[in-house]
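Trainee: Just dropping this structure here.
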Amino acid sequence: MDPKEPARTRVGLLGQLPRKVDVYEVGPRDGLQNELRTLPTRDKARLINALVAAGEKRIEVTSFVSPKWIPQLADAEELLKQVGRRPGVVFSALVPNLKGLERAQAAGLEEAAVFISASEAHSKKNINKTIAEALAGAKEVTAAARKGGMRVRGYLSTVWGCPYEGHVPVERVVDICRQLVDAGIYQLSLGDTIGVGTPRQTDEILGALLQHMPVDTLALHLHDTRGTALANALVGLSAGVTTFDTSIGGLGGCPYAPGAAGNLASEDAVFMLHGMGVDTGIDLDKLVEAGEIAQELIGRKLAGKYLQAALGEREKKSSRRAQT
């Protein structure tokens, strides 16, 4: 084995899998921005503290977008003051433009994230820009952020499909990704925004991209609208992807599929990974505790299957003890 290659472990027919994977938590930002309820800042901080206690090391906590557009995240600066800095933990935020970047830098963030769509129609509907205009803006933010010592991550949405255009050409995805990498973005998070991806399609997308960039440049951001998020994550894992965006309890949703599940649940992903011998550095029991907090704060049952199974089992044990 080449000593420069990451250590991997063999798991049956799946071939060699990474021994360690990063779970990139997006619940406090991507999850909460899709909720109708706006949580008090202290409650958001409580949730983030629980995620850190569970061992999460990479957490997207908020967005520096205009409060007019996402009022749920209007407290970005105050939230960062409340959670403070944690040794070994990277807090990041979505930064849409140079004004947002100035706010993020003033708040002391180490990492920023920019957002682009692979669909012209979605880009126009979402941010009222063409893909070319969005790319130019992302490159501008990236250059300024890197000059200020920040790392920049990129989100590319609608990679597997668009609610307006349907199929999104893989060639377009590859072209955008290559431009973002050339601009200095250290990692690209590929988004199945409306949860239409299938494992074969995931394999084709990754196969096309890996001809042009190393696998550690890529992360997967999968929505579970049609129940295929874990299956697509497994394809990514088999291809060597070692970063997966997840959301505690499956927080979040898709505005184009009312009532559908949101992001891949953090605890579902961690349960699968640990069961396959892949380390995440996360304590699953404590992650369930964080999920319970998220559920309490949101005020409804969340979609995460492992979370509900664990809470259900706990309730059964409590009931048995009460009967004896």
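As shown in the structure tokens, the chain order sets the letters A, B, ...; within each chain, residues go from 1, and ligands are also counted from 1 in the order they appear.
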Mind checking which residues fall within 12 Å of A:Glu133, counting only C-alpha atoms, ignoring those fewer than 4 positions away in the same chain, and posting them as JSON, numbers by chain?
Mentor: {"A": [97, 115, 116, 117, 120, 123, 124, 127, 128, 129, 137, 138, 139, 140]}
Trainee: Skip A:Phe64 itself and residues of its chain fewer than 4 positions away, then list as a list of chain:residue names all residues within 8 Å of it, counting only C-alpha atoms.
Mentor: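 Counting only the stated atoms, we get A:Leu73, A:Ala74, A:Ala76, A:Ala93, A:Leu94, A:Val95, A:Pro96, A:Gly100, A:Leu101, A:Arg103, A:Ala104.
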Trainee: Have a look at atom CA of A:Leu51 and atom CA of A:Arg314 and let me know their distance in Å, one decimal.
Mentor: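 These atoms are spaced 20.1 Å apart.
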Trainee: Using only C-alpha atoms, determine which residues lie at most 7 Å from stretch 279-291 of chain A, disregarding the query and same-chain residues fewer than 5 positions distant; provide the list as a JSON list (two decimals) with N, CA, C and O atoms, in the first residue's frame.
Mentor:
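Below is the file that was written, out_13.json:
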```
[["chain", "number", "residue", "atom", "x", "y", "z"],
["A", 19, "ARG", "N", -11.15, 4.08, 7.05],
["A", 19, "ARG", "CA", -11.20, 3.71, 8.46],
["A", 19, "ARG", "C", -11.83, 4.80, 9.31],
["A", 19, "ARG", "O", -12.37, 4.54, 10.38],
["A", 20, "LYS", "N", -11.75, 6.04, 8.84],
["A", 20, "LYS", "CA", -12.30, 7.16, 9.60],
["A", 20, "LYS", "C", -13.04, 8.11, 8.67],
["A", 20, "LYS", "O", -12.59, 8.33, 7.53],
["A", 21, "VAL", "N", -14.15, 8.64, 9.15],
["A", 21, "VAL", "CA", -14.98, 9.55, 8.35],
["A", 21, "VAL", "C", -15.32, 10.78, 9.18],
["A", 21, "VAL", "O", -15.53, 10.68, 10.39],
["A", 22, "ASP", "N", -15.36, 11.93, 8.53],
["A", 22, "ASP", "CA", -15.81, 13.16, 9.18],
["A", 22, "ASP", "C", -17.31, 13.33, 8.96],
["A", 22, "ASP", "O", -17.79, 13.30, 7.82],
["A", 23, "VAL", "N", -18.02, 13.53, 10.06],
["A", 23, "VAL", "CA", -19.44, 13.89, 9.98],
["A", 23, "VAL", "C", -19.51, 15.41, 10.12],
["A", 23, "VAL", "O", -19.11, 15.97, 11.15],
["A", 47, "LEU", "N", -28.16, 23.37, 21.90],
["A", 47, "LEU", "CA", -28.07, 22.27, 20.94],
["A", 47, "LEU", "C", -26.63, 22.10, 20.44],
["A", 47, "LEU", "O", -26.11, 20.98, 20.38],
["A", 50, "ALA", "N", -24.49, 20.43, 22.95],
["A", 50, "ALA", "CA", -24.75, 18.98, 23.02],
["A", 50, "ALA", "C", -24.07, 18.24, 21.87],
["A", 50, "ALA", "O", -23.57, 17.13, 22.05],
["A", 51, "LEU", "N", -24.03, 18.85, 20.70],
["A", 51, "LEU", "CA", -23.35, 18.24, 19.55],
["A", 51, "LEU", "C", -21.84, 18.14, 19.79],
["A", 51, "LEU", "O", -21.21, 17.14, 19.47],
["A", 54, "ALA", "N", -21.06, 15.40, 22.15],
["A", 54, "ALA", "CA", -21.15, 14.08, 21.52],
["A", 54, "ALA", "C", -19.90, 13.75, 20.70],
["A", 54, "ALA", "O", -19.75, 12.61, 20.24],
["A", 55, "GLY", "N", -19.04, 14.74, 20.51],
["A", 55, "GLY", "CA", -17.80, 14.50, 19.77],
["A", 55, "GLY", "C", -17.78, 15.07, 18.37],
["A", 55, "GLY", "O", -16.83, 14.82, 17.61],
["A", 56, "GLU", "N", -18.78, 15.86, 18.00],
["A", 56, "GLU", "CA", -18.78, 16.46, 16.66],
["A", 56, "GLU", "C", -17.71, 17.55, 16.61],
["A", 56, "GLU", "O", -17.62, 18.39, 17.50],
["A", 248, "ILE", "N", -28.64, 16.67, 12.76],
["A", 248, "ILE", "CA", -29.12, 15.98, 13.93],
["A", 248, "ILE", "C", -30.64, 15.72, 13.82],
["A", 248, "ILE", "O", -31.41, 16.63, 13.53],
["A", 249, "GLY", "N", -31.01, 14.47, 14.02],
["A", 249, "GLY", "CA", -32.42, 14.09, 13.96],
["A", 249, "GLY", "C", -33.03, 14.16, 12.56],
["A", 249, "GLY", "O", -34.23, 13.96, 12.40],
["A", 267, "GLU", "N", -27.38, 10.72, 13.42],
["A", 267, "GLU", "CA", -27.31, 9.47, 14.19],
["A", 267, "GLU", "C", -27.53, 8.25, 13.30],
["A", 267, "GLU", "O", -26.96, 7.18, 13.56],
["A", 270, "VAL", "N", -24.09, 7.80, 11.64],
["A", 270, "VAL", "CA", -23.09, 7.31, 12.60],
["A", 270, "VAL", "C", -23.35, 5.85, 12.96],
["A", 270, "VAL", "O", -22.41, 5.05, 13.06],
["A", 273, "LEU", "N", -22.11, 3.76, 10.01],
["A", 273, "LEU", "CA", -20.65, 3.79, 9.91],
["A", 273, "LEU", "C", -19.99, 2.96, 11.00],
["A", 273, "LEU", "O", -19.09, 2.16, 10.73],
["A", 274, "HIS", "N", -20.44, 3.14, 12.23],
["A", 274, "HIS", "CA", -19.85, 2.37, 13.33],
["A", 274, "HIS", "C", -20.10, 0.87, 13.15],
["A", 274, "HIS", "O", -19.22, 0.05, 13.46],
["A", 307, "LEU", "N", -32.71, 7.72, 16.04],
["A", 307, "LEU", "CA", -33.15, 8.52, 17.18],
["A", 307, "LEU", "C", -34.47, 8.00, 17.72],
["A", 307, "LEU", "O", -34.61, 7.78, 18.93]]
```
Trainee: Counting only C-alpha atoms, give me one row per residue of stretch 65-176 of chain A with an atom at most 9 Å from an atom of stretch 195-208 of chain A, showing the shortest contact pair and its distance in Å to one decimal, sorted by chain then residue number, as a tab-separated table.
Mentor:
```
residue	atom	partner	partner_atom	distance
A:Val159	CA	A:Ile205	CA	8.4
A:Trp160	CA	A:Gly197	CA	5.4
A:Gly161	CA	A:Val196	CA	6.5
A:Cys162	CA	A:Val196	CA	8.9
A:Val170	CA	A:Ile205	CA	6.3
A:Glu171	CA	A:Ala208	CA	8.1
A:Val173	CA	A:Ile205	CA	8.4
A:Val174	CA	A:Ala208	CA	7.1
```
Trainee: Include all heavy atoms and write out the residues we just selected as an mmCIF file, in the first residue's frame.
Mentor:
```cif
data_model
loop_
_atom_site.group_PDB
_atom_site.id
_atom_site.type_symbol
_atom_site.label_atom_id
_atom_site.label_comp_id
_atom_site.auth_asym_id
_atom_site.auth_seq_id
_atom_site.Cartn_x
_atom_site.Cartn_y
_atom_site.Cartn_z
ATOM 1 N N VAL A 159 -27.375 18.776 -7.615
ATOM 2 C CA VAL A 159 -26.468 17.959 -8.431
ATOM 3 C C VAL A 159 -27.192 16.746 -9.008
ATOM 4 O O VAL A 159 -26.971 16.358 -10.158
ATOM 5 C CB VAL A 159 -25.254 17.513 -7.590
ATOM 6 C CG1 VAL A 159 -24.414 16.479 -8.340
ATOM 7 C CG2 VAL A 159 -24.399 18.723 -7.217
ATOM 8 N N TRP A 160 -28.074 16.133 -8.222
ATOM 9 C CA TRP A 160 -28.781 14.926 -8.669
ATOM 10 C C TRP A 160 -30.067 15.245 -9.432
ATOM 11 O O TRP A 160 -30.588 14.392 -10.126
ATOM 12 C CB TRP A 160 -29.115 14.047 -7.473
ATOM 13 C CG TRP A 160 -28.007 13.203 -6.964
ATOM 14 C CD1 TRP A 160 -27.841 11.856 -7.161
ATOM 15 C CD2 TRP A 160 -26.887 13.610 -6.166
ATOM 16 N NE1 TRP A 160 -26.697 11.416 -6.536
ATOM 17 C CE2 TRP A 160 -26.089 12.470 -5.919
ATOM 18 C CE3 TRP A 160 -26.488 14.836 -5.627
ATOM 19 C CZ2 TRP A 160 -24.925 12.524 -5.160
ATOM 20 C CZ3 TRP A 160 -25.324 14.887 -4.872
ATOM 21 C CH2 TRP A 160 -24.550 13.738 -4.647
ATOM 22 N N GLY A 161 -30.566 16.456 -9.304
ATOM 23 C CA GLY A 161 -31.799 16.807 -9.985
ATOM 24 C C GLY A 161 -32.344 18.130 -9.483
ATOM 25 O O GLY A 161 -32.071 18.548 -8.364
ATOM 26 N N CYS A 162 -33.107 18.806 -10.343
ATOM 27 C CA CYS A 162 -33.653 20.128 -10.057
ATOM 28 C C CYS A 162 -35.180 20.073 -10.043
ATOM 29 O O CYS A 162 -35.785 19.409 -10.900
ATOM 30 C CB CYS A 162 -33.176 21.117 -11.117
ATOM 31 S SG CYS A 162 -33.994 22.732 -11.054
ATOM 32 N N VAL A 170 -24.259 15.976 -15.912
ATOM 33 C CA VAL A 170 -23.053 15.740 -15.110
ATOM 34 C C VAL A 170 -21.916 16.634 -15.596
ATOM 35 O O VAL A 170 -21.090 17.097 -14.797
ATOM 36 C CB VAL A 170 -22.638 14.254 -15.180
ATOM 37 C CG1 VAL A 170 -21.326 14.026 -14.433
ATOM 38 C CG2 VAL A 170 -23.721 13.365 -14.596
ATOM 39 N N GLU A 171 -21.856 16.884 -16.893
ATOM 40 C CA GLU A 171 -20.790 17.717 -17.448
ATOM 41 C C GLU A 171 -20.815 19.121 -16.839
ATOM 42 O O GLU A 171 -19.769 19.728 -16.602
ATOM 43 C CB GLU A 171 -20.933 17.822 -18.973
ATOM 44 C CG GLU A 171 -20.783 16.519 -19.724
ATOM 45 C CD GLU A 171 -22.031 15.642 -19.655
ATOM 46 O OE1 GLU A 171 -23.112 16.161 -19.274
ATOM 47 O OE2 GLU A 171 -21.928 14.434 -19.963
ATOM 48 N N VAL A 173 -21.958 19.854 -13.835
ATOM 49 C CA VAL A 173 -21.497 19.683 -12.454
ATOM 50 C C VAL A 173 -19.971 19.654 -12.412
ATOM 51 O O VAL A 173 -19.340 20.329 -11.591
ATOM 52 C CB VAL A 173 -22.080 18.393 -11.839
ATOM 53 C CG1 VAL A 173 -21.434 18.093 -10.485
ATOM 54 C CG2 VAL A 173 -23.593 18.509 -11.700
ATOM 55 N N VAL A 174 -19.376 18.891 -13.303
ATOM 56 C CA VAL A 174 -17.911 18.781 -13.347
ATOM 57 C C VAL A 174 -17.286 20.141 -13.633
ATOM 58 O O VAL A 174 -16.304 20.541 -12.989
ATOM 59 C CB VAL A 174 -17.480 17.747 -14.408
ATOM 60 C CG1 VAL A 174 -15.966 17.788 -14.613
ATOM 61 C CG2 VAL A 174 -17.918 16.340 -13.998
#
```
